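> Input structure: protein_34.txt, which contains compact mmCIF, C-alpha atoms.
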```
# COMPACT_ATOMS: atom_id res chain seq x y z
CA MET C 283 0.00 0.00 0.00
CA TRP C 284 0.97 3.65 -0.39
CA VAL C 285 1.53 5.63 2.85
CA ARG C 286 2.65 9.04 4.02
CA ARG C 287 3.14 10.47 7.50
CA THR C 288 0.26 12.61 8.75
CA ARG C 289 1.20 16.11 9.83
CA HIS C 290 -1.40 15.78 12.60
CA LEU C 291 0.66 14.18 15.33
CA ALA C 292 2.74 15.29 18.27
CA LEU C 293 5.92 13.63 19.47
CA ALA C 294 7.14 13.52 23.07
CA ALA C 295 10.03 11.78 24.78
CA GLY C 296 9.03 8.71 26.75
CA GLU C 297 10.06 7.85 30.30
CA GLU C 298 12.50 5.19 29.12
CA ALA C 299 15.75 6.09 27.36
CA LEU C 300 15.40 6.54 23.61
CA SER C 301 11.64 5.83 23.68
CA LEU C 302 9.14 8.14 22.03
CA THR C 303 5.39 8.62 22.34
CA ALA C 304 3.43 9.79 19.31
CA LEU C 305 -0.04 11.27 19.79
CA SER C 306 -2.21 10.92 16.71
CA LEU C 307 -4.63 13.81 16.31
CA LEU C 308 -6.64 11.64 13.91
CA THR C 309 -7.51 9.14 16.63
CA GLY C 310 -6.59 10.92 19.88
CA VAL C 311 -4.54 7.85 20.81
CA ALA C 312 -0.96 7.98 22.12
CA VAL C 313 1.33 5.29 20.65
CA ARG C 314 4.61 4.27 22.26
CA LEU C 315 7.31 3.80 19.65
CA SER C 316 10.48 1.80 19.78
CA PRO C 317 13.69 3.46 18.54
CA GLU C 318 13.24 1.58 15.24
CA GLY C 319 9.59 2.65 14.96
CA ARG C 320 10.57 6.25 15.65
CA GLU C 321 13.20 6.22 12.94
CA ARG C 322 10.80 4.63 10.46
CA LEU C 323 8.02 7.11 11.24
CA LEU C 324 10.24 10.17 10.92
CA ALA C 325 11.81 8.87 7.72
CA LEU C 326 8.45 8.87 5.92
CA PRO C 327 7.58 12.22 4.29
CA VAL C 328 4.38 14.19 4.93
CA ARG C 329 3.74 15.38 1.36
CA ALA C 330 4.99 12.42 -0.71
CA TRP C 331 3.55 8.90 -0.86
CA THR C 332 5.80 5.88 -0.25
CA TRP C 333 5.12 2.27 -1.27
CA THR C 334 5.34 -0.25 1.58
CA THR C 335 4.56 -3.89 2.33
CA ASP C 336 5.89 -3.73 5.90
CA ASP C 337 3.45 -4.93 8.59
CA ALA C 338 4.89 -2.30 10.95
CA ASP C 339 3.75 0.45 8.57
CA VAL C 340 0.27 -1.07 8.45
CA ALA C 341 0.18 -0.92 12.25
CA LEU C 342 1.28 2.73 12.21
CA ALA C 343 -1.48 3.50 9.71
CA ARG C 344 -4.08 1.78 11.90
CA ASP C 345 -2.89 3.89 14.84
CA GLY C 346 -3.38 7.09 12.82
CA LEU C 347 0.30 7.99 12.52
CA LEU C 348 0.39 7.27 8.79
CA VAL C 349 -2.21 7.89 6.10
CA SER C 350 -2.70 5.09 3.59
CA ASP C 351 -4.56 4.60 0.31
CA GLU C 352 -6.22 1.38 1.51
CA PRO C 353 -9.92 1.23 0.47
CA SER C 354 -11.05 -0.41 3.74
CA GLU C 355 -11.71 0.84 7.28
CA PRO C 356 -10.26 2.28 9.42
CA PHE C 357 -7.99 3.67 6.69
CA VAL C 358 -10.76 5.43 4.75
CA ALA C 359 -12.06 7.26 7.83
CA LEU C 360 -8.54 8.22 8.95
CA ARG C 361 -7.73 9.54 5.48
CA ALA C 362 -10.90 11.68 5.55
CA ARG C 363 -10.03 12.93 9.06
CA ASP C 364 -6.52 13.86 7.91
CA ARG C 365 -8.00 15.84 5.02
CA GLU C 366 -10.53 17.56 7.31
CA LEU C 367 -7.88 18.66 9.83
CA SER C 368 -5.51 19.78 7.07
CA GLU C 369 -8.24 22.05 5.67
CA LEU C 370 -9.01 23.38 9.18
CA GLY C 371 -5.49 24.63 9.95
CA TRP C 372 -4.58 23.42 13.45
CA HIS C 373 -1.01 24.00 14.61
CA PRO C 374 0.07 20.44 15.60
CA GLY C 375 1.57 21.50 18.94
CA ALA C 376 -1.54 23.48 19.88
CA ALA C 377 -3.83 20.62 18.89
CA ALA C 378 -1.77 18.19 20.97
CA PHE C 379 -1.97 20.51 23.98
CA HIS C 380 -5.71 20.93 23.47
CA LEU C 381 -6.34 17.17 23.39
CA ALA C 382 -3.87 16.31 26.15
CA THR C 383 -5.47 18.73 28.63
CA ARG C 384 -9.08 17.65 28.09
CA TRP C 385 -10.85 16.06 31.07
CA ARG C 386 -13.25 13.14 31.21
CA ARG C 387 -15.09 12.00 34.36
CA THR C 388 -12.81 14.10 36.57
CA ARG C 389 -13.93 15.17 40.06
CA THR C 390 -12.14 18.06 41.73
CA ARG C 391 -11.52 18.73 45.42
CA VAL C 392 -14.18 21.24 46.38
CA PRO C 393 -15.29 22.77 49.71
CA ALA C 394 -18.28 21.46 51.64
CA ALA C 395 -21.31 23.64 52.33
CA ASP C 396 -19.66 24.94 55.52
CA GLY C 397 -16.65 26.12 53.52
CA SER C 398 -14.26 23.43 54.80
CA TYR C 399 -11.94 21.69 52.35
CA PRO C 400 -11.18 17.96 52.27
CA PRO C 401 -7.66 16.96 53.41
CA ARG C 402 -4.97 17.13 50.78
CA PRO C 403 -1.30 16.12 50.71
CA PRO C 404 1.25 18.77 51.73
CA ARG C 405 2.62 21.08 49.09
CA PRO C 406 6.22 20.46 48.00
CA ARG C 407 7.18 24.06 48.80
CA PRO C 408 5.68 27.23 50.34
CA ALA C 409 3.40 29.39 48.22
CA LEU C 410 4.97 32.25 46.29
CA PRO C 411 4.39 35.66 47.95
CA PRO C 412 1.20 37.38 46.69
CA PHE C 413 3.00 40.65 45.88
CA HIS C 414 6.02 40.42 43.60
CA GLU C 415 8.94 42.86 43.80
CA ARG C 416 12.02 42.95 41.58
CA GLY C 417 14.06 45.26 43.82
CA GLY C 418 14.43 48.16 41.38
CA GLU C 419 14.11 51.88 42.09
CA ARG C 420 10.64 52.64 43.51
CA ILE C 421 8.62 55.53 42.04
CA ALA C 422 5.40 56.70 43.72
CA LEU C 423 2.28 57.09 41.53
CA PRO C 424 -0.71 59.44 41.83
CA ALA C 425 -3.67 58.03 43.79
CA ALA C 426 -5.74 57.73 40.53
CA THR C 427 -9.05 57.20 42.36
CA ARG C 428 -12.10 57.49 40.09
CA ASP C 429 -15.84 57.64 40.56
CA GLY C 430 -18.52 56.54 38.13
CA ASP C 431 -20.53 53.47 37.16
CA LEU C 432 -17.69 51.67 35.39
CA TYR C 433 -15.30 51.96 38.34
CA GLY C 434 -18.05 50.96 40.74
CA LEU C 435 -18.75 47.81 38.70
CA LEU C 436 -15.07 46.92 38.49
CA HIS C 437 -14.71 47.04 42.28
CA ALA C 438 -18.06 45.36 42.99
CA ARG C 439 -17.57 42.31 40.75
CA ARG C 440 -17.13 39.05 42.65
CA THR C 441 -17.32 35.33 41.95
CA ALA C 442 -20.53 33.82 43.36
CA ARG C 443 -20.79 30.25 44.67
CA SER C 444 -24.28 30.52 46.15
CA PHE C 445 -27.55 31.69 44.62
CA ASP C 446 -31.06 32.67 45.74
CA ALA C 447 -33.30 29.65 45.22
CA THR C 448 -36.50 31.71 45.46
CA SER C 449 -35.90 34.40 42.81
CA PRO C 450 -34.89 33.06 39.38
CA VAL C 451 -33.14 34.95 36.63
CA THR C 452 -35.72 36.35 34.17
CA VAL C 453 -35.73 35.90 30.41
CA ASP C 454 -35.21 39.68 30.07
CA GLU C 455 -32.04 39.45 32.17
CA LEU C 456 -30.87 36.46 30.15
CA ALA C 457 -31.50 38.39 26.92
CA THR C 458 -29.55 41.37 28.32
CA LEU C 459 -26.58 39.16 29.16
CA LEU C 460 -26.56 37.48 25.75
CA LEU C 461 -26.90 40.73 23.81
CA HIS C 462 -24.31 42.74 25.74
CA VAL C 463 -21.74 39.98 26.23
CA TRP C 464 -21.99 37.84 23.09
CA GLY C 465 -24.27 39.79 20.75
CA THR C 466 -23.02 41.15 17.42
CA HIS C 467 -23.38 44.93 17.08
CA GLY C 468 -21.78 45.50 13.68
CA THR C 469 -19.76 43.89 10.88
CA THR C 470 -17.11 44.88 8.37
CA ARG C 471 -15.51 43.07 5.44
CA LEU C 472 -11.80 42.31 5.79
CA ALA C 473 -9.23 42.46 3.01
CA SER C 474 -8.80 38.68 3.31
CA GLY C 475 -12.45 38.23 2.34
CA ASP C 476 -13.62 37.35 5.85
CA THR C 477 -16.03 39.35 8.01
CA ALA C 478 -15.00 40.97 11.30
CA LEU C 479 -17.61 41.35 14.03
CA ALA C 480 -18.08 44.20 16.50
CA LYS C 481 -18.84 42.98 20.02
CA THR C 482 -18.32 44.41 23.51
CA SER C 483 -15.09 42.42 24.01
CA PRO C 484 -11.92 42.28 21.86
CA SER C 485 -11.09 39.23 19.76
CA GLY C 486 -8.07 38.06 17.78
CA GLY C 487 -8.44 39.46 14.27
CA GLY C 488 -11.95 40.68 15.13
CA LEU C 489 -13.19 37.18 14.25
CA HIS C 490 -15.00 36.25 17.49
CA PRO C 491 -14.83 32.46 17.11
CA ILE C 492 -16.34 31.79 20.57
CA GLU C 493 -19.90 30.45 20.44
CA VAL C 494 -22.12 30.44 23.54
CA TYR C 495 -24.49 27.68 24.60
CA PRO C 496 -26.84 28.61 27.50
CA LEU C 497 -27.69 25.64 29.74
CA VAL C 498 -30.93 26.87 31.24
CA ARG C 499 -31.89 25.34 34.58
CA ARG C 500 -34.30 27.94 35.91
CA VAL C 501 -35.10 31.12 33.96
CA GLU C 502 -38.47 32.77 34.37
CA GLY C 503 -40.16 32.87 30.95
CA LEU C 504 -38.02 30.18 29.27
CA GLU C 505 -38.20 26.38 29.36
CA PRO C 506 -35.20 24.50 30.76
CA GLY C 507 -32.84 22.94 28.26
CA LEU C 508 -29.69 23.33 26.18
CA TYR C 509 -29.65 26.24 23.75
CA HIS C 510 -27.36 27.94 21.24
CA TYR C 511 -27.33 31.75 20.94
CA LEU C 512 -27.60 33.17 17.42
CA THR C 513 -25.53 36.33 17.78
CA ARG C 514 -26.63 37.92 14.49
CA ASP C 515 -30.37 37.52 15.09
CA HIS C 516 -30.40 37.80 18.91
CA ALA C 517 -32.34 34.56 19.19
CA LEU C 518 -31.99 31.13 20.76
CA GLU C 519 -32.12 27.78 19.02
CA ARG C 520 -32.84 24.67 21.05
CA VAL C 521 -30.12 22.01 21.10
CA ALA C 522 -31.72 19.55 23.53
CA PRO C 523 -34.87 19.68 25.72
CA LEU C 524 -33.64 18.80 29.23
CA ASP C 525 -35.58 19.35 32.45
CA ALA C 526 -34.13 21.42 35.31
CA ASP C 527 -32.81 18.42 37.23
CA ALA C 528 -31.06 17.05 34.15
CA VAL C 529 -29.42 20.44 33.49
CA GLU C 530 -28.25 20.57 37.11
CA ARG C 531 -26.72 17.09 36.84
CA LEU C 532 -25.01 18.03 33.57
CA VAL C 533 -23.50 21.19 35.06
CA ASP C 534 -22.32 19.27 38.14
CA THR C 535 -20.61 16.74 35.86
CA ALA C 536 -19.33 19.40 33.47
CA THR C 537 -17.74 21.43 36.29
CA ALA C 538 -15.99 18.33 37.67
CA GLY C 539 -18.11 18.19 40.82
CA GLN C 540 -18.20 21.89 41.69
CA TRP C 541 -21.69 21.34 43.09
CA TYR C 542 -22.28 24.98 44.02
CA PHE C 543 -22.07 26.05 40.35
CA ALA C 544 -24.70 23.44 39.43
CA ALA C 545 -27.22 25.48 41.45
CA ALA C 546 -26.86 28.47 39.09
CA ASP C 547 -29.99 29.45 37.16
CA VAL C 548 -28.17 29.44 33.83
CA THR C 549 -24.71 28.30 32.76
CA PHE C 550 -23.02 29.43 29.55
CA VAL C 551 -20.66 27.14 27.63
CA LEU C 552 -17.96 29.13 25.80
CA ALA C 553 -17.01 26.93 22.84
CA ALA C 554 -14.35 27.84 20.26
CA ARG C 555 -15.20 27.24 16.61
CA PHE C 556 -11.58 26.65 15.60
CA GLY C 557 -11.96 26.95 11.84
CA ARG C 558 -13.29 30.49 12.24
CA SER C 559 -9.90 31.58 13.60
CA PHE C 560 -7.57 29.13 11.84
CA TRP C 561 -8.80 30.10 8.37
CA LYS C 562 -6.89 33.35 8.86
CA TYR C 563 -4.21 32.12 11.30
CA ARG C 564 -3.49 28.84 9.53
CA ARG C 565 -1.20 26.50 11.51
CA HIS C 566 -0.13 29.59 13.46
CA ALA C 567 1.77 28.95 16.69
CA LYS C 568 -0.16 31.71 18.55
CA ALA C 569 -3.68 31.09 17.19
CA TYR C 570 -4.78 28.80 20.02
CA ARG C 571 -3.60 31.31 22.64
CA THR C 572 -5.84 33.99 21.16
CA LEU C 573 -8.85 31.71 21.66
CA LEU C 574 -8.05 31.39 25.36
CA LEU C 575 -7.68 35.16 25.55
CA ASP C 576 -11.04 35.59 23.81
CA ALA C 577 -12.72 33.40 26.43
CA GLY C 578 -11.11 35.50 29.18
CA HIS C 579 -12.28 38.77 27.63
CA LEU C 580 -15.85 37.49 27.37
CA SER C 581 -15.79 36.25 30.96
CA GLN C 582 -14.77 39.66 32.29
CA THR C 583 -17.50 41.39 30.28
CA PHE C 584 -19.95 38.78 31.60
CA TYR C 585 -18.91 39.60 35.19
CA LEU C 586 -19.49 43.32 34.66
CA VAL C 587 -22.92 42.92 33.06
CA CYS C 588 -23.98 40.44 35.77
CA THR C 589 -22.84 42.85 38.47
CA GLU C 590 -24.82 45.70 36.88
CA LEU C 591 -27.92 43.46 36.83
CA GLY C 592 -27.48 42.46 40.47
CA LEU C 593 -26.61 38.86 39.57
CA GLY C 594 -23.79 36.73 40.96
CA PRO C 595 -21.42 35.42 38.25
CA PHE C 596 -18.80 32.71 38.09
CA VAL C 597 -16.34 31.37 35.51
CA THR C 598 -14.41 28.10 35.56
CA ALA C 599 -12.05 26.28 33.24
CA ALA C 600 -12.13 23.15 35.43
CA LEU C 601 -14.52 21.28 33.19
CA ASN C 602 -15.05 17.81 31.81
CA ASP C 603 -14.67 18.51 28.12
CA ASP C 604 -15.77 15.07 26.98
CA GLU C 605 -19.17 15.13 28.72
CA LEU C 606 -19.95 18.65 27.48
CA GLU C 607 -18.94 17.81 23.92
CA ARG C 608 -21.21 14.78 23.90
CA ALA C 609 -24.13 16.71 25.39
CA LEU C 610 -23.80 19.46 22.76
CA GLY C 611 -22.77 17.20 19.87
CA LEU C 612 -19.35 18.84 19.37
CA ASP C 613 -16.20 17.46 17.72
CA PRO C 614 -13.25 18.43 19.98
CA LEU C 615 -11.02 19.46 17.06
CA LEU C 616 -13.76 21.40 15.23
CA GLU C 617 -15.59 23.09 18.11
CA ALA C 618 -14.92 22.58 21.81
CA PRO C 619 -15.62 24.14 25.22
CA LEU C 620 -12.91 26.35 26.70
CA ALA C 621 -14.71 27.67 29.79
CA LEU C 622 -18.06 27.86 31.57
CA CYS C 623 -19.71 31.00 32.92
CA GLY C 624 -22.88 31.06 34.96
CA CYS C 625 -25.03 33.17 37.22
CA GLY C 626 -28.00 33.41 39.54
CA ARG C 627 -29.47 35.97 41.87
CA LEU C 628 -27.35 36.61 44.96
CA PRO C 629 -28.79 35.35 48.28
CA ALA C 630 -29.67 37.73 51.11
CA GLU C 631 -26.91 36.31 53.32
CA GLN C 632 -23.39 35.62 52.08
CA SER C 633 -22.48 31.96 51.92
CA ARG C 634 -19.44 30.55 53.67
CA LEU C 635 -18.28 29.50 50.20
CA ASP C 636 -17.93 33.14 49.14
CA PRO C 637 -14.79 34.73 50.66
CA SER C 638 -14.79 38.17 52.25
CA PHE C 639 -11.93 40.42 51.17
CA VAL C 640 -10.28 43.01 53.38
CA ALA C 641 -9.23 46.30 51.77
CA LEU C 642 -5.50 47.00 51.48
CA SER C 643 -4.30 49.46 54.08
```
Show this structure as structure tokens.

Amino acid sequence: MWVRRTRHLALAAGEEALSLTALSLLTGVAVRLSPEGRERLLALPVRAWTWTTDDADVALARDGLLVSDEPSEPFVALRARDRELSELGWHPGAAAFHLATRWRRTRTRVPAADGSYPPRPPRPRPALPPFHERGGERIALPAATRDGDLYGLLHARRTARSFDATSPVTVDELATLLLHVWGTHGTTRLASGDTALAKTSPSGGGLHPIEVYPLVRRVEGLEPGLYHYLTRDHALERVAPLDADAVERLVDTATAGQWYFAAADVTFVLAARFGRSFWKYRRHAKAYRTLLLDAGHLSQTFYLVCTELGLGPFVTAALNDDELERALGLDPLLEAPLALCGCGRLPAEQSRLDPSFVALS
């Protein structure tokens, strides 16, 4: 058969001397290679086809490290996947990092309702000091205090881990969050032929590849379920009709057991549509970083709008990617969750889960 090496793999040194592990992005499977297998794999070109009758090459093709012209499965599906990822434009190192850091069925150490944490092993060293100094010449700055709504919101924003169970978020408040955090407010054509979007947060290249999926548990005026926000039309489309209890269980699983976030009225999945960014930044070493920055920008805007509405927000990147992808029907190399935001109305009394901060003196 004819074979070539796929460009969609990542190589890492193994624990044993001279061993190598190859992660196939076609299959998501890591394959341990012998020194001979490593040399054979690296000797095969990416762009040119090579004739082989070696059983070892057949095994490498089955593992998704080589692409072959065989007309049977799994070779046909792997060849199609190789073509799909080549057209998409992933940087191999970024794709390997993305796959290697996904979680499945993970449960985190979280505090109990009284705020106490479960025991954990001792840290290998003391924590770094919270305030970093380099020891250079010190120059005093003006006080720079400011009044106004923006500055008030910036200082009032907090992460919430408890929510009022008697007063749900309303559909008007949900609409306000969606419009002013993720809504599109203008467009312009780019020289490359793409379209840049104007939103309330910055985005790499103005492309805004982050989609938002509201997981509605309890919103007054809207049925529970999984939705997708249409940013151009300011409308929701239903992805799956789940009841409130099912949404709560999904959020608990998705947040790796952070049970307090599962009590939020609505949770927002921030999912990157990779091809939207990679079409312009094709196999670019920094493209994946901009997606993480985009998610951070949106989260901060979400916090500010929630605070203005009197809602308690949260954001977490400790999520079980696999379960969320299956619930939303997402392919992890085409569109995948990067973070979760959520909110509910703040309770009358502060929970022990929500820390109290003391002003700097």
> Would you pick out the contacts of segment 625-637 of chain C at 6 Å or less, using all atoms listed in the file, so that residues sharing its chain but fewer than 3 positions from it are not included, and give the list as number ranges by chain?
C: 396-397, 445-446, 546-548, 593-595
> The residues within 12 Å of (0.1, -3.0, 8.1), using all atoms listed in the file and the coordinates of the file, should be reported as a PyMOL selection string; which are they?
chain C and resi 283-285+333-352+356-357
> Can I get the selected residues back with C-alpha atoms, as a PDB file, keeping the file's coordinate frame?

```pdb
ATOM      1  CA  MET C 283       0.000   0.000   0.000  1.00  0.00           C
ATOM      2  CA  TRP C 284       0.970   3.650  -0.390  1.00  0.00           C
ATOM      3  CA  VAL C 285       1.530   5.630   2.850  1.00  0.00           C
ATOM      4  CA  TRP C 333       5.120   2.270  -1.270  1.00  0.00           C
ATOM      5  CA  THR C 334       5.340  -0.250   1.580  1.00  0.00           C
ATOM      6  CA  THR C 335       4.560  -3.890   2.330  1.00  0.00           C
ATOM      7  CA  ASP C 336       5.890  -3.730   5.900  1.00  0.00           C
ATOM      8  CA  ASP C 337       3.450  -4.930   8.590  1.00  0.00           C
ATOM      9  CA  ALA C 338       4.890  -2.300  10.950  1.00  0.00           C
ATOM     10  CA  ASP C 339       3.750   0.450   8.570  1.00  0.00           C
ATOM     11  CA  VAL C 340       0.270  -1.070   8.450  1.00  0.00           C
ATOM     12  CA  ALA C 341       0.180  -0.920  12.250  1.00  0.00           C
ATOM     13  CA  LEU C 342       1.280   2.730  12.210  1.00  0.00           C
ATOM     14  CA  ALA C 343      -1.480   3.500   9.710  1.00  0.00           C
ATOM     15  CA  ARG C 344      -4.080   1.780  11.900  1.00  0.00           C
ATOM     16  CA  ASP C 345      -2.890   3.890  14.840  1.00  0.00           C
ATOM     17  CA  GLY C 346      -3.380   7.090  12.820  1.00  0.00           C
ATOM     18  CA  LEU C 347       0.300   7.990  12.520  1.00  0.00           C
ATOM     19  CA  LEU C 348       0.390   7.270   8.790  1.00  0.00           C
ATOM     20  CA  VAL C 349      -2.210   7.890   6.100  1.00  0.00           C
ATOM     21  CA  SER C 350      -2.700   5.090   3.590  1.00  0.00           C
ATOM     22  CA  ASP C 351      -4.560   4.600   0.310  1.00  0.00           C
ATOM     23  CA  GLU C 352      -6.220   1.380   1.510  1.00  0.00           C
ATOM     24  CA  PRO C 356     -10.260   2.280   9.420  1.00  0.00           C
ATOM     25  CA  PHE C 357      -7.990   3.670   6.690  1.00  0.00           C
TER      26      PHE C 357
END
```
> In Å, how far is it from atom CA of Leu315 of chain C to atom CA of Leu302 of chain C?
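Between atom CA of Leu315 of chain C and atom CA of Leu302 of chain C the gap works out to 5.3 Å.
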> Of the candidates C:Glu505, C:Asp576, C:Glu321, C:Glu366, which one gets nearest to Thr288 of chain C if we count all atoms listed in the file?
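Among the listed residues, the smallest separation from Thr288 of chain C belongs to C:Glu366.
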> What is the distance, in Å and to one decimal place, between atom CA of Asp527 of chain C and atom CA of Ala621 of chain C?
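Separation between atom CA of Asp527 of chain C and atom CA of Ala621 of chain C: 21.6 Å.
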> Measure the distance from atom CA of Arg287 of chain C to atom CA of Leu324 of chain C in Å and round it to one decimal.
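Result for atom CA of Arg287 of chain C versus atom CA of Leu324 of chain C: 7.9 Å, one decimal.
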> With all atoms listed in the file as the atoms that count, which of C:Glu318, C:Glu530, C:Glu355, C:Asp364 lies nearest to Ser306 of chain C?
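Smallest separation from Ser306 of chain C among the options: C:Asp364.
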> Would you mind listing, for every residue of segment 563-583 of chain C within 12 Å of segment 456-459 of chain C, the two atoms forming the shortest contact and the distance between them in Å to one decimal, using all atoms listed in the file, sorted by chain and ascending residue number, as JSON lines?

```
{"residue": "C:Leu580", "atom": "CA", "partner": "C:Leu459", "partner_atom": "CA", "distance": 11.0}
{"residue": "C:Ser581", "atom": "CA", "partner": "C:Leu459", "partner_atom": "CA", "distance": 11.3}
{"residue": "C:Thr583", "atom": "CA", "partner": "C:Leu459", "partner_atom": "CA", "distance": 9.4}
```
> Would you kindly return, as a ChimeraX atom specification, each protein, DNA or RNA residue with an atom no farther than 8 Å from any atom of Arg558 of chain C, considering all atoms listed in the file and excluding same-chain residues fewer than 6 positions away?
/C:489-491
> Identify which of the residues C:Cys623, C:Ala517, C:Leu615, C:Leu461 lies closest to Ser483 of chain C, counting only C-alpha atoms when measuring atom-to-atom distances.
C:Leu461
> Counting all atoms listed in the file, find residues at most 12 Å from (-10.9, 25.5, 22.2) (file frame) and give them as a PDB file with C-alpha atoms, in the coordinates of the input.

```
ATOM      1  CA  TRP C 372      -4.580  23.420  13.450  1.00  0.00           C
ATOM      2  CA  ALA C 376      -1.540  23.480  19.880  1.00  0.00           C
ATOM      3  CA  ALA C 377      -3.830  20.620  18.890  1.00  0.00           C
ATOM      4  CA  ALA C 378      -1.770  18.190  20.970  1.00  0.00           C
ATOM      5  CA  PHE C 379      -1.970  20.510  23.980  1.00  0.00           C
ATOM      6  CA  HIS C 380      -5.710  20.930  23.470  1.00  0.00           C
ATOM      7  CA  LEU C 381      -6.340  17.170  23.390  1.00  0.00           C
ATOM      8  CA  THR C 383      -5.470  18.730  28.630  1.00  0.00           C
ATOM      9  CA  ARG C 384      -9.080  17.650  28.090  1.00  0.00           C
ATOM     10  CA  PRO C 491     -14.830  32.460  17.110  1.00  0.00           C
ATOM     11  CA  ILE C 492     -16.340  31.790  20.570  1.00  0.00           C
ATOM     12  CA  GLU C 493     -19.900  30.450  20.440  1.00  0.00           C
ATOM     13  CA  VAL C 551     -20.660  27.140  27.630  1.00  0.00           C
ATOM     14  CA  LEU C 552     -17.960  29.130  25.800  1.00  0.00           C
ATOM     15  CA  ALA C 553     -17.010  26.930  22.840  1.00  0.00           C
ATOM     16  CA  ALA C 554     -14.350  27.840  20.260  1.00  0.00           C
ATOM     17  CA  ARG C 555     -15.200  27.240  16.610  1.00  0.00           C
ATOM     18  CA  PHE C 556     -11.580  26.650  15.600  1.00  0.00           C
ATOM     19  CA  GLY C 557     -11.960  26.950  11.840  1.00  0.00           C
ATOM     20  CA  ARG C 558     -13.290  30.490  12.240  1.00  0.00           C
ATOM     21  CA  SER C 559      -9.900  31.580  13.600  1.00  0.00           C
ATOM     22  CA  PHE C 560      -7.570  29.130  11.840  1.00  0.00           C
ATOM     23  CA  ALA C 569      -3.680  31.090  17.190  1.00  0.00           C
ATOM     24  CA  TYR C 570      -4.780  28.800  20.020  1.00  0.00           C
ATOM     25  CA  ARG C 571      -3.600  31.310  22.640  1.00  0.00           C
ATOM     26  CA  THR C 572      -5.840  33.990  21.160  1.00  0.00           C
ATOM     27  CA  LEU C 573      -8.850  31.710  21.660  1.00  0.00           C
ATOM     28  CA  LEU C 574      -8.050  31.390  25.360  1.00  0.00           C
ATOM     29  CA  LEU C 575      -7.680  35.160  25.550  1.00  0.00           C
ATOM     30  CA  ASP C 576     -11.040  35.590  23.810  1.00  0.00           C
ATOM     31  CA  ALA C 577     -12.720  33.400  26.430  1.00  0.00           C
ATOM     32  CA  ALA C 599     -12.050  26.280  33.240  1.00  0.00           C
ATOM     33  CA  ASP C 603     -14.670  18.510  28.120  1.00  0.00           C
ATOM     34  CA  GLU C 607     -18.940  17.810  23.920  1.00  0.00           C
ATOM     35  CA  LEU C 612     -19.350  18.840  19.370  1.00  0.00           C
ATOM     36  CA  ASP C 613     -16.200  17.460  17.720  1.00  0.00           C
ATOM     37  CA  PRO C 614     -13.250  18.430  19.980  1.00  0.00           C
ATOM     38  CA  LEU C 615     -11.020  19.460  17.060  1.00  0.00           C
ATOM     39  CA  LEU C 616     -13.760  21.400  15.230  1.00  0.00           C
ATOM     40  CA  GLU C 617     -15.590  23.090  18.110  1.00  0.00           C
ATOM     41  CA  ALA C 618     -14.920  22.580  21.810  1.00  0.00           C
ATOM     42  CA  PRO C 619     -15.620  24.140  25.220  1.00  0.00           C
ATOM     43  CA  LEU C 620     -12.910  26.350  26.700  1.00  0.00           C
ATOM     44  CA  ALA C 621     -14.710  27.670  29.790  1.00  0.00           C
TER      45      ALA C 621
END
```
